[in-house]
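Pasted below: coords01.cif, mmCIF, C-alpha atoms (C1' of nucleotides).
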```
data_final
loop_
_atom_site.label_atom_id
_atom_site.label_comp_id
_atom_site.auth_asym_id
_atom_site.auth_seq_id
_atom_site.Cartn_x
_atom_site.Cartn_y
_atom_site.Cartn_z
CA MET D 50 -22.28 28.03 4.19
CA SER D 51 -22.64 30.63 6.88
CA ASP D 52 -24.42 29.38 9.95
CA THR D 53 -26.07 32.61 10.81
CA PRO D 54 -25.67 34.14 14.19
CA GLU D 55 -28.42 33.07 16.51
CA GLN D 56 -27.57 32.62 20.13
CA PRO D 57 -30.16 32.30 22.81
CA GLY D 58 -29.31 34.19 25.92
CA THR D 59 -26.06 32.41 26.30
CA GLN D 60 -26.53 28.76 25.44
CA SER D 61 -24.17 26.06 24.29
CA LEU D 62 -24.51 25.69 20.57
CA GLN D 63 -24.35 22.00 20.01
CA GLU D 64 -23.55 20.98 16.49
CA PRO D 65 -21.63 18.27 14.69
CA SER D 66 -17.92 18.81 14.22
CA LEU D 67 -16.86 20.80 11.19
CA ASP D 68 -15.50 17.74 9.45
CA GLU D 69 -18.63 15.75 10.09
CA GLN D 70 -20.71 18.59 8.80
CA ILE D 71 -18.76 18.91 5.59
CA ALA D 72 -18.82 15.16 5.05
CA ALA D 73 -22.60 15.18 5.52
CA TYR D 74 -23.04 17.96 3.00
CA GLN D 75 -20.95 16.10 0.49
CA ARG D 76 -23.19 13.09 0.83
CA GLU D 77 -26.25 15.21 0.15
CA PHE D 78 -24.83 17.58 -2.40
CA ARG D 79 -22.36 16.16 -4.84
CA ASP D 80 -20.66 19.15 -6.36
CA LEU D 81 -19.45 20.77 -3.19
CA ASP D 82 -15.88 22.01 -2.96
CA PRO D 83 -14.72 20.88 0.47
CA GLN D 84 -11.99 23.46 0.59
CA VAL D 85 -14.38 26.32 0.01
CA GLU D 86 -16.89 24.88 2.40
CA LYS D 87 -14.26 24.53 5.07
CA VAL D 88 -13.30 28.16 4.89
CA VAL D 89 -16.86 29.42 4.83
CA SER D 90 -18.14 27.17 7.59
CA ALA D 91 -15.18 27.90 9.82
CA LEU D 92 -15.74 31.60 9.30
CA GLY D 93 -19.38 31.35 10.27
CA ARG D 94 -18.83 29.22 13.31
CA LEU D 95 -15.93 31.20 14.58
CA ASN D 96 -17.96 34.31 14.40
CA ARG D 97 -20.91 32.89 16.25
CA ARG D 98 -18.73 31.61 19.03
CA MET D 99 -17.01 34.94 19.31
CA ASN D 100 -20.26 36.82 19.54
CA VAL D 101 -21.43 34.57 22.33
CA ALA D 102 -18.19 35.30 24.12
CA TYR D 103 -18.46 39.05 23.66
CA GLY D 104 -22.03 38.95 24.84
CA ARG D 105 -21.03 37.25 28.07
CA GLN D 106 -18.23 39.61 28.73
CA VAL D 107 -20.18 42.81 28.33
CA ALA D 108 -23.08 41.29 30.23
CA ASP D 109 -20.76 41.23 33.22
CA LEU D 110 -20.52 44.98 32.89
CA GLY D 111 -24.28 45.29 32.94
CA ILE D 112 -24.68 46.21 29.30
CA SER D 113 -25.97 44.27 26.33
CA ASN D 114 -24.09 43.53 23.18
CA ALA D 115 -26.44 45.95 21.43
CA GLU D 116 -25.53 48.72 23.81
CA TRP D 117 -21.88 48.02 23.42
CA GLU D 118 -22.23 48.45 19.68
CA VAL D 119 -23.64 51.91 20.21
CA LEU D 120 -20.85 52.85 22.59
CA LYS D 121 -18.25 51.70 20.09
CA THR D 122 -19.80 53.67 17.28
CA LEU D 123 -19.93 56.82 19.32
CA VAL D 124 -16.31 56.47 20.39
CA LEU D 125 -15.28 55.81 16.80
CA ALA D 126 -16.89 59.09 15.83
CA GLY D 127 -14.17 60.72 17.93
CA ALA D 128 -13.81 63.87 19.98
CA PRO D 129 -17.09 65.11 21.40
CA TYR D 130 -18.58 61.66 20.81
CA ARG D 131 -21.75 62.87 19.17
CA LEU D 132 -23.89 61.46 16.40
CA GLY D 133 -27.52 61.71 15.34
CA PRO D 134 -29.87 58.75 15.63
CA GLY D 135 -30.09 58.48 11.87
CA GLU D 136 -26.36 58.31 11.45
CA LEU D 137 -26.03 55.79 14.25
CA ALA D 138 -28.72 53.66 12.67
CA LYS D 139 -26.92 53.70 9.35
CA ARG D 140 -23.62 52.68 10.85
CA LEU D 141 -25.10 49.94 12.97
CA GLY D 142 -27.34 48.64 10.25
CA LEU D 143 -30.56 49.24 12.14
CA THR D 144 -33.76 51.02 11.23
CA PRO D 145 -34.22 54.49 12.68
CA ALA D 146 -37.16 53.17 14.67
CA ALA D 147 -35.02 50.64 16.45
CA MET D 148 -32.44 53.32 17.10
CA THR D 149 -35.00 55.54 18.78
CA HIS D 150 -35.83 52.84 21.29
CA ARG D 151 -32.26 51.85 21.85
CA ILE D 152 -31.32 55.41 22.63
CA ASP D 153 -34.28 55.67 25.00
CA ARG D 154 -32.97 52.82 27.05
CA MET D 155 -29.40 53.94 27.02
CA ALA D 156 -30.34 57.46 27.99
CA GLY D 157 -32.36 55.99 30.84
CA GLU D 158 -29.29 54.15 32.00
CA GLY D 159 -27.16 57.23 31.78
CA LEU D 160 -24.87 55.94 29.05
CA VAL D 161 -25.77 58.69 26.59
CA THR D 162 -27.73 61.92 26.48
CA ARG D 163 -30.26 62.84 23.83
CA ASP D 164 -30.87 66.49 22.98
CA ARG D 165 -32.30 68.52 20.17
CA ASP D 166 -29.76 70.36 18.08
CA GLU D 167 -30.07 74.07 18.83
CA ASN D 168 -29.13 75.11 15.33
CA ASN D 169 -31.47 72.79 13.55
CA ARG D 170 -34.32 71.72 15.70
CA VAL D 171 -35.21 68.77 13.50
CA ARG D 172 -31.97 67.13 14.40
CA VAL D 173 -31.23 65.21 17.55
CA ILE D 174 -27.81 64.77 19.06
CA VAL D 175 -26.82 61.68 20.96
CA GLU D 176 -23.76 62.18 23.08
CA LEU D 177 -21.74 59.75 25.13
CA THR D 178 -21.71 60.48 28.87
CA ASP D 179 -18.63 60.02 31.02
CA GLU D 180 -20.23 56.90 32.39
CA GLY D 181 -20.81 55.63 28.86
CA ARG D 182 -17.22 56.26 27.96
CA ALA D 183 -16.06 54.46 31.08
CA LYS D 184 -18.18 51.44 30.21
CA TRP D 185 -16.76 51.45 26.74
CA LEU D 186 -13.26 51.46 28.12
CA GLU D 187 -13.92 48.53 30.42
CA ALA D 188 -15.56 46.55 27.66
CA MET D 189 -12.72 47.40 25.33
CA ARG D 190 -10.19 46.06 27.80
CA MET D 191 -12.07 42.81 28.18
CA ALA D 192 -12.52 42.49 24.44
CA THR D 193 -8.89 43.04 23.57
CA ASP D 194 -7.77 40.59 26.24
CA PHE D 195 -10.09 38.02 24.78
CA GLU D 196 -8.96 38.71 21.25
CA GLU D 197 -5.33 38.49 22.21
CA GLU D 198 -5.99 35.16 23.80
CA LEU D 199 -7.91 33.94 20.80
CA LEU D 200 -4.97 34.60 18.52
CA GLN D 201 -2.44 33.32 21.00
CA ASP D 202 -1.55 30.21 19.03
CA LEU D 203 -0.73 32.16 15.88
CA SER D 204 2.69 33.61 15.21
CA SER D 205 3.00 37.19 14.15
CA ASP D 206 3.55 36.08 10.57
CA GLU D 207 0.48 33.92 10.66
CA ARG D 208 -1.59 36.74 12.04
CA GLY D 209 -0.40 38.94 9.23
CA VAL D 210 -1.24 36.38 6.60
CA LEU D 211 -4.67 35.75 8.08
CA GLY D 212 -5.41 39.44 8.21
CA GLU D 213 -4.41 39.94 4.60
CA LEU D 214 -6.44 37.03 3.33
CA LEU D 215 -9.51 38.18 5.20
CA ILE D 216 -9.12 41.68 3.87
CA ARG D 217 -8.97 40.40 0.34
CA LEU D 218 -12.25 38.61 0.86
CA LEU D 219 -13.71 41.68 2.45
CA ARG D 220 -12.69 43.81 -0.48
CA ARG D 221 -14.35 41.41 -2.83
CA VAL D 222 -17.55 41.62 -0.89
CA GLU D 223 -17.46 45.36 -0.26
CA HIS D 224 -16.58 46.75 -3.63
CA ALA D 225 -18.81 44.24 -5.36
CA GLN D 226 -16.54 43.90 -8.36
CA PRO D 227 -17.26 45.97 -11.50
CA ASP D 228 -17.90 42.62 -13.08
CA ALA D 229 -14.72 41.45 -14.67
CA GLY D 230 -15.84 37.89 -14.74
CA GLY D 231 -17.43 37.39 -11.36
CA ARG D 232 -20.69 38.98 -10.34
CA LEU D 233 -21.54 39.35 -6.70
CA THR D 234 -22.80 42.85 -7.35
CA ASP D 235 -25.33 44.62 -5.15
CA LEU D 236 -24.06 43.09 -2.02
CA ASP D 237 -24.90 46.08 0.08
CA MET S 250 -13.52 43.80 18.01
CA SER S 251 -16.46 41.93 16.63
CA ASP S 252 -19.08 44.18 15.13
CA THR S 253 -22.01 42.02 15.96
CA PRO S 254 -24.41 40.92 13.31
CA GLU S 255 -27.28 43.27 13.03
CA GLN S 256 -28.74 43.91 9.64
CA PRO S 257 -32.06 45.54 9.13
CA GLY S 258 -34.12 43.94 6.46
CA THR S 259 -31.42 44.31 3.91
CA GLN S 260 -29.81 47.69 4.29
CA SER S 261 -26.42 49.04 3.31
CA LEU S 262 -24.25 49.01 6.36
CA GLN S 263 -22.34 52.23 6.19
CA GLU S 264 -19.25 52.34 8.27
CA PRO S 265 -15.76 53.82 8.11
CA SER S 266 -13.11 51.81 6.28
CA LEU S 267 -11.33 49.15 8.27
CA ASP S 268 -8.12 51.15 8.36
CA GLU S 269 -9.89 54.27 9.50
CA GLN S 270 -11.64 52.31 12.18
CA ILE S 271 -8.46 50.82 13.52
CA ALA S 272 -6.71 54.17 13.46
CA ALA S 273 -9.58 55.69 15.42
CA TYR S 274 -9.43 52.98 18.04
CA GLN S 275 -5.73 53.49 18.43
CA ARG S 276 -6.29 57.15 19.14
CA GLU S 277 -8.81 56.31 21.84
CA PHE S 278 -7.20 53.25 23.29
CA ARG S 279 -3.45 53.21 23.49
CA ASP S 280 -2.53 49.60 24.02
CA LEU S 281 -4.28 48.12 21.04
CA ASP S 282 -2.46 45.63 18.84
CA PRO S 283 -3.32 46.72 15.29
CA GLN S 284 -2.54 43.31 13.90
CA VAL S 285 -4.95 41.56 16.21
CA GLU S 286 -7.57 44.20 15.70
CA LYS S 287 -7.25 43.88 11.96
CA VAL S 288 -7.92 40.18 12.02
CA VAL S 289 -10.82 40.41 14.42
CA SER S 290 -12.50 43.35 12.74
CA ALA S 291 -12.14 41.86 9.29
CA LEU S 292 -13.65 38.63 10.55
CA GLY S 293 -16.64 40.42 12.00
CA ARG S 294 -17.29 42.56 8.99
CA LEU S 295 -16.86 39.82 6.51
CA ASN S 296 -19.37 37.76 8.34
CA ARG S 297 -21.97 40.45 8.52
CA ARG S 298 -21.66 41.18 4.86
CA MET S 299 -21.95 37.53 4.03
CA ASN S 300 -25.08 37.13 6.11
CA VAL S 301 -26.69 40.02 4.34
CA ALA S 302 -25.85 38.35 1.07
CA TYR S 303 -27.22 34.97 2.12
CA GLY S 304 -30.36 36.64 3.38
CA ARG S 305 -30.97 38.24 0.01
CA GLN S 306 -30.39 35.08 -1.88
CA VAL S 307 -32.72 32.89 0.09
CA ALA S 308 -35.29 35.67 0.17
CA ASP S 309 -35.50 35.25 -3.59
CA LEU S 310 -36.60 31.70 -2.93
CA GLY S 311 -39.33 32.90 -0.62
CA ILE S 312 -37.72 31.74 2.59
CA SER S 313 -36.02 33.57 5.41
CA ASN S 314 -32.51 33.05 6.61
CA ALA S 315 -33.99 31.51 9.75
CA GLU S 316 -35.93 28.99 7.74
CA TRP S 317 -32.91 28.11 5.71
CA GLU S 318 -31.03 27.33 8.89
CA VAL S 319 -33.69 24.83 9.84
CA LEU S 320 -33.63 23.21 6.42
CA LYS S 321 -29.84 22.87 6.60
CA THR S 322 -29.97 21.31 10.03
CA LEU S 323 -32.55 18.78 8.97
CA VAL S 324 -30.59 17.82 5.87
CA LEU S 325 -27.44 17.50 7.94
CA ALA S 326 -29.24 15.02 10.15
CA GLY S 327 -29.31 12.77 7.11
CA ALA S 328 -31.55 10.04 5.76
CA PRO S 329 -35.17 10.44 6.81
CA TYR S 330 -34.48 14.08 7.68
CA ARG S 331 -36.13 13.98 11.07
CA LEU S 332 -35.35 15.71 14.33
CA GLY S 333 -37.27 16.75 17.41
CA PRO S 334 -37.90 20.41 18.20
CA GLY S 335 -35.63 20.21 21.20
CA GLU S 336 -32.75 18.81 19.24
CA LEU S 337 -33.26 21.38 16.51
CA ALA S 338 -33.26 24.14 19.08
CA LYS S 339 -30.01 22.92 20.57
CA ARG S 340 -28.27 22.76 17.23
CA LEU S 341 -29.50 26.13 16.10
CA GLY S 342 -28.84 27.80 19.42
CA LEU S 343 -32.45 28.79 19.99
CA THR S 344 -34.78 28.29 22.91
CA PRO S 345 -37.36 25.52 22.54
CA ALA S 346 -40.08 28.16 22.62
CA ALA S 347 -38.69 29.90 19.57
CA MET S 348 -38.40 26.56 17.85
CA THR S 349 -42.06 25.83 18.41
CA HIS S 350 -43.07 28.98 16.59
CA ARG S 351 -40.56 28.54 13.83
CA ILE S 352 -41.82 25.05 13.16
CA ASP S 353 -45.40 26.34 13.17
CA ARG S 354 -44.61 28.72 10.37
CA MET S 355 -42.60 26.26 8.36
CA ALA S 356 -45.23 23.58 8.70
CA GLY S 357 -47.78 26.10 7.51
CA GLU S 358 -45.65 26.74 4.45
CA GLY S 359 -45.29 23.04 3.77
CA LEU S 360 -41.54 22.94 4.29
CA VAL S 361 -41.75 20.45 7.16
CA THR S 362 -44.30 18.29 8.91
CA ARG S 363 -44.80 18.07 12.65
CA ASP S 364 -46.17 14.87 14.18
CA ARG S 365 -46.26 13.21 17.54
CA ASP S 366 -43.99 10.22 17.90
CA GLU S 367 -46.17 7.11 18.03
CA ASN S 368 -43.83 5.29 20.38
CA ASN S 369 -43.43 8.08 22.83
CA ARG S 370 -46.24 10.54 22.72
CA VAL S 371 -44.31 13.23 24.55
CA ARG S 372 -41.96 13.51 21.65
CA VAL S 373 -42.58 15.40 18.46
CA ILE S 374 -40.97 14.65 15.14
CA VAL S 375 -40.23 17.33 12.62
CA GLU S 376 -39.61 15.98 9.16
CA LEU S 377 -38.51 17.68 5.99
CA THR S 378 -41.06 17.53 3.17
CA ASP S 379 -40.07 17.05 -0.44
CA GLU S 380 -40.78 20.71 -0.98
CA GLY S 381 -38.53 21.57 1.93
CA ARG S 382 -35.77 19.46 0.52
CA ALA S 383 -36.16 21.08 -2.87
CA LYS S 384 -35.90 24.54 -1.33
CA TRP S 385 -32.80 23.48 0.49
CA LEU S 386 -31.25 22.30 -2.72
CA GLU S 387 -31.97 25.54 -4.53
CA ALA S 388 -30.62 27.58 -1.65
CA MET S 389 -27.57 25.36 -1.48
CA ARG S 390 -26.83 25.95 -5.12
CA MET S 391 -27.06 29.70 -4.75
CA ALA S 392 -24.97 29.62 -1.60
CA THR S 393 -22.17 27.57 -3.07
CA ASP S 394 -22.07 29.73 -6.19
CA PHE S 395 -21.76 32.77 -4.02
CA GLU S 396 -19.09 31.20 -1.87
CA GLU S 397 -17.10 30.11 -4.86
CA GLU S 398 -17.23 33.63 -6.17
CA LEU S 399 -16.23 35.08 -2.84
CA LEU S 400 -13.07 33.01 -2.76
CA GLN S 401 -12.35 33.53 -6.43
CA ASP S 402 -9.32 35.74 -5.90
CA LEU S 403 -7.61 33.20 -3.66
CA SER S 404 -5.40 30.45 -5.04
CA SER S 405 -5.95 26.91 -3.89
CA ASP S 406 -2.93 27.21 -1.61
CA GLU S 407 -4.25 30.38 -0.10
CA ARG S 408 -7.63 28.83 0.50
CA GLY S 409 -5.95 25.97 2.27
CA VAL S 410 -3.91 28.26 4.47
CA LEU S 411 -6.91 30.37 5.31
CA GLY S 412 -8.95 27.31 6.20
CA GLU S 413 -6.26 25.97 8.46
CA LEU S 414 -5.72 29.22 10.27
CA LEU S 415 -9.43 29.64 10.87
CA ILE S 416 -9.71 26.12 12.17
CA ARG S 417 -6.95 26.73 14.63
CA LEU S 418 -8.84 29.71 15.98
CA LEU S 419 -12.01 27.71 16.06
CA ARG S 420 -10.35 24.97 18.03
CA ARG S 421 -9.10 27.45 20.54
CA VAL S 422 -12.57 28.79 21.02
CA GLU S 423 -14.35 25.44 21.02
CA HIS S 424 -12.20 23.34 23.29
CA ALA S 425 -11.70 26.25 25.63
CA GLN S 426 -8.15 25.27 26.49
CA PRO S 427 -7.50 23.17 29.61
CA ASP S 428 -5.71 26.25 30.78
CA ALA S 429 -2.09 25.87 29.92
CA GLY S 430 -1.46 29.56 30.17
CA GLY S 431 -4.45 31.12 28.50
CA ARG S 432 -7.93 31.07 29.92
CA LEU S 433 -10.88 31.55 27.65
CA THR S 434 -12.70 28.76 29.40
CA ASP S 435 -16.47 28.46 29.52
CA LEU S 436 -16.93 29.81 26.10
CA ASP S 437 -19.94 27.73 25.38
"C1'" DC P 76 -45.42 85.69 4.35
"C1'" DC P 77 -47.56 81.35 2.97
"C1'" DT P 78 -47.42 77.01 0.78
"C1'" DG P 79 -45.55 72.70 -0.60
"C1'" DA P 80 -41.89 69.43 -0.47
"C1'" DA P 81 -38.21 67.13 1.76
"C1'" DG P 82 -35.74 65.57 5.78
"C1'" DA P 83 -35.16 63.63 10.57
"C1'" DC P 84 -37.06 61.57 13.91
"C1'" DT P 85 -41.04 59.11 16.47
"C1'" DT P 86 -45.14 56.32 16.92
"C1'" DC P 87 -47.78 52.24 15.90
"C1'" DA P 88 -48.87 47.53 14.63
"C1'" DA P 89 -47.01 43.12 13.63
"C1'" DC P 90 -43.63 39.75 14.35
"C1'" DA P 91 -39.68 36.91 16.41
"C1'" DC P 92 -37.20 35.68 20.33
"C1'" DT P 93 -36.29 34.82 25.50
"C1'" DA P 94 -37.37 33.35 30.20
"C1'" DA P 95 -40.45 31.40 33.02
"C1'" DA P 96 -44.54 29.01 33.97
"C1'" DG P 97 -47.69 25.43 32.28
"C1'" DT P 98 -49.14 20.80 30.23
"C1'" DT P 99 -48.78 16.17 29.06
"C1'" DC P 100 -46.80 11.78 28.96
"C1'" DG P 101 -43.60 8.09 30.51
"C1'" DA P 102 -40.88 5.73 34.29
"C1'" DG P 103 -39.63 4.21 38.63
"C1'" DC P 104 -41.09 2.98 43.15
"C1'" DC P 105 -43.70 0.78 46.83
"C1'" DG K 278 -52.18 0.40 40.36
"C1'" DG K 279 -51.49 4.84 42.10
"C1'" DC K 280 -47.80 8.50 43.06
"C1'" DT K 281 -44.29 11.25 42.14
"C1'" DC K 282 -40.50 12.79 39.35
"C1'" DG K 283 -38.62 14.19 35.19
"C1'" DA K 284 -38.56 14.97 30.19
"C1'" DA K 285 -40.30 17.29 26.01
"C1'" DC K 286 -42.90 20.46 24.30
"C1'" DT K 287 -46.23 24.63 24.47
"C1'" DT K 288 -48.05 28.84 26.37
"C1'" DT K 289 -47.61 33.42 28.29
"C1'" DA K 290 -45.63 37.84 29.24
"C1'" DG K 291 -42.18 41.03 28.11
"C1'" DT K 292 -38.49 42.91 25.12
"C1'" DG K 293 -36.42 44.38 20.74
"C1'" DT K 294 -36.89 44.86 15.81
"C1'" DT K 295 -39.07 46.01 11.30
"C1'" DG K 296 -42.01 48.68 8.01
"C1'" DA K 297 -45.33 51.94 7.44
"C1'" DA K 298 -47.58 55.97 8.83
"C1'" DG K 299 -47.31 60.31 11.34
"C1'" DT K 300 -45.18 64.74 13.26
"C1'" DC K 301 -42.40 68.57 13.30
"C1'" DT K 302 -38.96 71.64 11.17
"C1'" DT K 303 -36.53 73.71 7.50
"C1'" DC K 304 -36.10 75.44 2.94
"C1'" DA K 305 -37.43 76.97 -1.77
"C1'" DG K 306 -40.79 79.26 -4.40
"C1'" DG K 307 -44.52 82.27 -5.52
#
```
Would you put the structure from the file into structure tokens?
Amino acid sequence: MSDTPEQPGTQSLQEPSLDEQIAAYQREFRDLDPQVEKVVSALGRLNRRMNVAYGRQVADLGISNAEWEVLKTLVLAGAPYRLGPGELAKRLGLTPAAMTHRIDRMAGEGLVTRDRDENNRVRVIVELTDEGRAKWLEAMRMATDFEEELLQDLSSDERGVLGELLIRLLRRVEHAQPDAGGRLTDLD
Amino acid sequence: MSDTPEQPGTQSLQEPSLDEQIAAYQREFRDLDPQVEKVVSALGRLNRRMNVAYGRQVADLGISNAEWEVLKTLVLAGAPYRLGPGELAKRLGLTPAAMTHRIDRMAGEGLVTRDRDENNRVRVIVELTDEGRAKWLEAMRMATDFEEELLQDLSSDERGVLGELLIRLLRRVEHAQPDAGGRLTDLD
DNA sequence: CCTGAAGACTTCAACACTAAAGTTCGAGCC
DNA sequence: GGCTCGAACTTTAGTGTTGAAGTCTTCAGG
């Protein structure tokens, strides 16, 4: 069902329990598969809660979740940690316009630099600063600690199984099946 | 790692493959548990993709994802499908101010009505209209079809296992353990 | 060269959300 | 009965995002 991600600053989402929710849906909508609904709703909720948690953690470092996303993307690019605004926008799923402003802010805070490419003056190069990289590292440490704790109750086998199942779903959504029975095409 | 939910209107998120991403992180950050990272990253990605998909579907019905959330919450409330703006805000994780505007729009579109409570004139009652309920039903049908298709490759057993594992994670995040070893308190 | 077309960003107007400051109504107190 | 407090919503100011329009640069012809 999804429960899209909408947190206010850092509030306490207050909703009925998962089981109550599913029971309510079944009352209102007869042909609902509870098993499917359970998986989908749990997925959505889990994700929202996690995002709230990440947001709090990076806030302690003085950066926003949005800024952290940019730092991660730049680090993922590897080595000199450079990427153009357009490329960043594509990877983050933002419009170029939003990227322009985001980079403005981050450059102002010293997390990245923004320069014109000398070889092709239409292009702009955004590069991580040492400070930006340091912030990333701190955030990364907090994030992995949190993630480790989140999965604490699961055995290694269970973690493996969970990972595999999720990846199968992801594949289904990403490669938008060449239609061998199920549609789901044009997902993105 | 999370990959927070940020889609532009309805773009094609373009990112490295999950395996590439994890490999890159390992290069940059030594003590990273690939198994944990796999689970967390898959969760985040899956969710973003799903939200994009939901957004497209409800857009075909002429409503936004945000509006659909309100419809769902009202239906979940049951029977006369009424809730105050404050209560709605709490359940959706929005500020009351945002709720005011959202209700304005939706009332303008005839999806809900907004009236003062006769017994307590400070209170406002938002009620689903028949049109709103009809929209919900259509959206619900599309959503469940999509969800069914998403899980198509998983056997009933696998769906059950996945659901249980997710719920265990959810519990860990929701009840923010009374600290018997792991922290994670104050999550929301 | 000079021109036209395409690409990569930026600027602008409109919209949605947050935080904080109002407004209005109901309740308790003396 | 009039006062004050608190609750529930709305308004305002500021930020971040989208979509469309605009600018600047490069490249392919003519």
Please find the residues of chain S near chain K - the criterion being any atom within 10 Å, counting only C-alpha atoms (C1' of nucleotides) - and write them as a tab-separated table (two decimals) with C-alpha atoms, keeping the file's coordinate frame.
```tsv
chain	number	residue	atom	x	y	z
S	257	PRO	CA	-32.06	45.54	9.13
S	258	GLY	CA	-34.12	43.94	6.46
S	333	GLY	CA	-37.27	16.75	17.41
S	334	PRO	CA	-37.90	20.41	18.20
S	335	GLY	CA	-35.63	20.21	21.20
S	345	PRO	CA	-37.36	25.52	22.54
S	346	ALA	CA	-40.08	28.16	22.62
S	348	MET	CA	-38.40	26.56	17.85
S	349	THR	CA	-42.06	25.83	18.41
S	350	HIS	CA	-43.07	28.98	16.59
S	370	ARG	CA	-46.24	10.54	22.72
S	371	VAL	CA	-44.31	13.23	24.55
S	372	ARG	CA	-41.96	13.51	21.65
S	373	VAL	CA	-42.58	15.40	18.46
```
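One finds atom CA of D:Lys121 at 21.7 Å from atom CA of S:Met299.
Near S:Val307, within 8 Å and counting only C-alpha atoms (C1' of nucleotides), sit S:Ser313, S:Asn314, S:Trp317, S:Ala388; same-chain residues fewer than 6 positions away were not included.
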Please produce a file of the residues just selected, as a PDB file, in the frame of the given file, where the atoms kept are C-alpha atoms.
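The result, written out as out09.pdb:
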```
ATOM      1  CA  SER S 313     -36.020  33.570   5.410  1.00  0.00           C
ATOM      2  CA  ASN S 314     -32.510  33.050   6.610  1.00  0.00           C
ATOM      3  CA  TRP S 317     -32.910  28.110   5.710  1.00  0.00           C
ATOM      4  CA  ALA S 388     -30.620  27.580  -1.650  1.00  0.00           C
TER       5      ALA S 388
END
```
Quiz item: Given a cut-off of 10 Å, which residues of chain P touch chain S, counting only C-alpha atoms (C1' of nucleotides), written out as a PyMOL selection string?
Solution: chain P and resi 91-94+99-101
Self-check item: Among listed residues D:Val88, D:Met155, D:Ala72, D:Leu123, nearest chain S (using all atoms listed in the file)
Solution: D:Val88
Quiz item: Which distance in Å separates atom CA of D:Gly159 and atom CA of D:Leu177, to one decimal?
Solution: 8.9 Å
Practice problem: Kindly give the distance, in Å, that separates atom CA of S:Asn368 and atom CA of S:Glu318, rounded to a single decimal. | Solution: 28.0 Å
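Closest approach to D:Ala128 among D:Leu67, D:Ile216, D:Leu92, D:Glu176: D:Glu176, based on all atoms listed in the file.
Among the candidates D:Arg79, D:Arg131, D:Arg221, D:Arg165, the one nearest to chain S when counting all atoms listed in the file is D:Arg221.
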Self-check item: Answer key for the PyMOL selection byres ((chain D and resi 211) around 12), residues as a VMD selection string
Solution: (chain D and resid 88 92 200 203 to 210 212 to 218) or (chain S and resid 284 to 292 407 to 418)
Exercise. Given the file shown, determine the residues that the PyMOL selection byres ((chain S and resi 273) around 12) selects; report them as an MDAnalysis selection string.
Key: (chainID D and resid 121:128) or (chainID S and resid 265:272 274:279 281 283 286)
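Of the residues listed (S:Gln401, S:Gln306, S:Thr378, S:Gln263), S:Gln263 shows the shortest atom-to-atom separation from chain D; distances use only C-alpha atoms.
The shortest atom-to-atom distance to D:Trp185, with only C-alpha atoms taken into account, belongs to D:Glu116 out of D:Glu198, D:Asp164, D:Glu116, D:Glu223.
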Exercise. Name the closest residue to chain D among the candidates S:Gly311, S:Gly381, S:Gly357, S:Gly342; distances are taken between atoms, counting all atoms listed in the file.
Key: S:Gly342
Return as AutoDock Vina command-line options the box centre and box size in Å, one decimal, for an axis-aligned box around all listed atoms of stretch 330-333 of chain S padded by 5 Å per side.
```
--center_x -35.9 --center_y 15.4 --center_z 12.5 --size_x 12.8 --size_y 12.8 --size_z 19.7
```
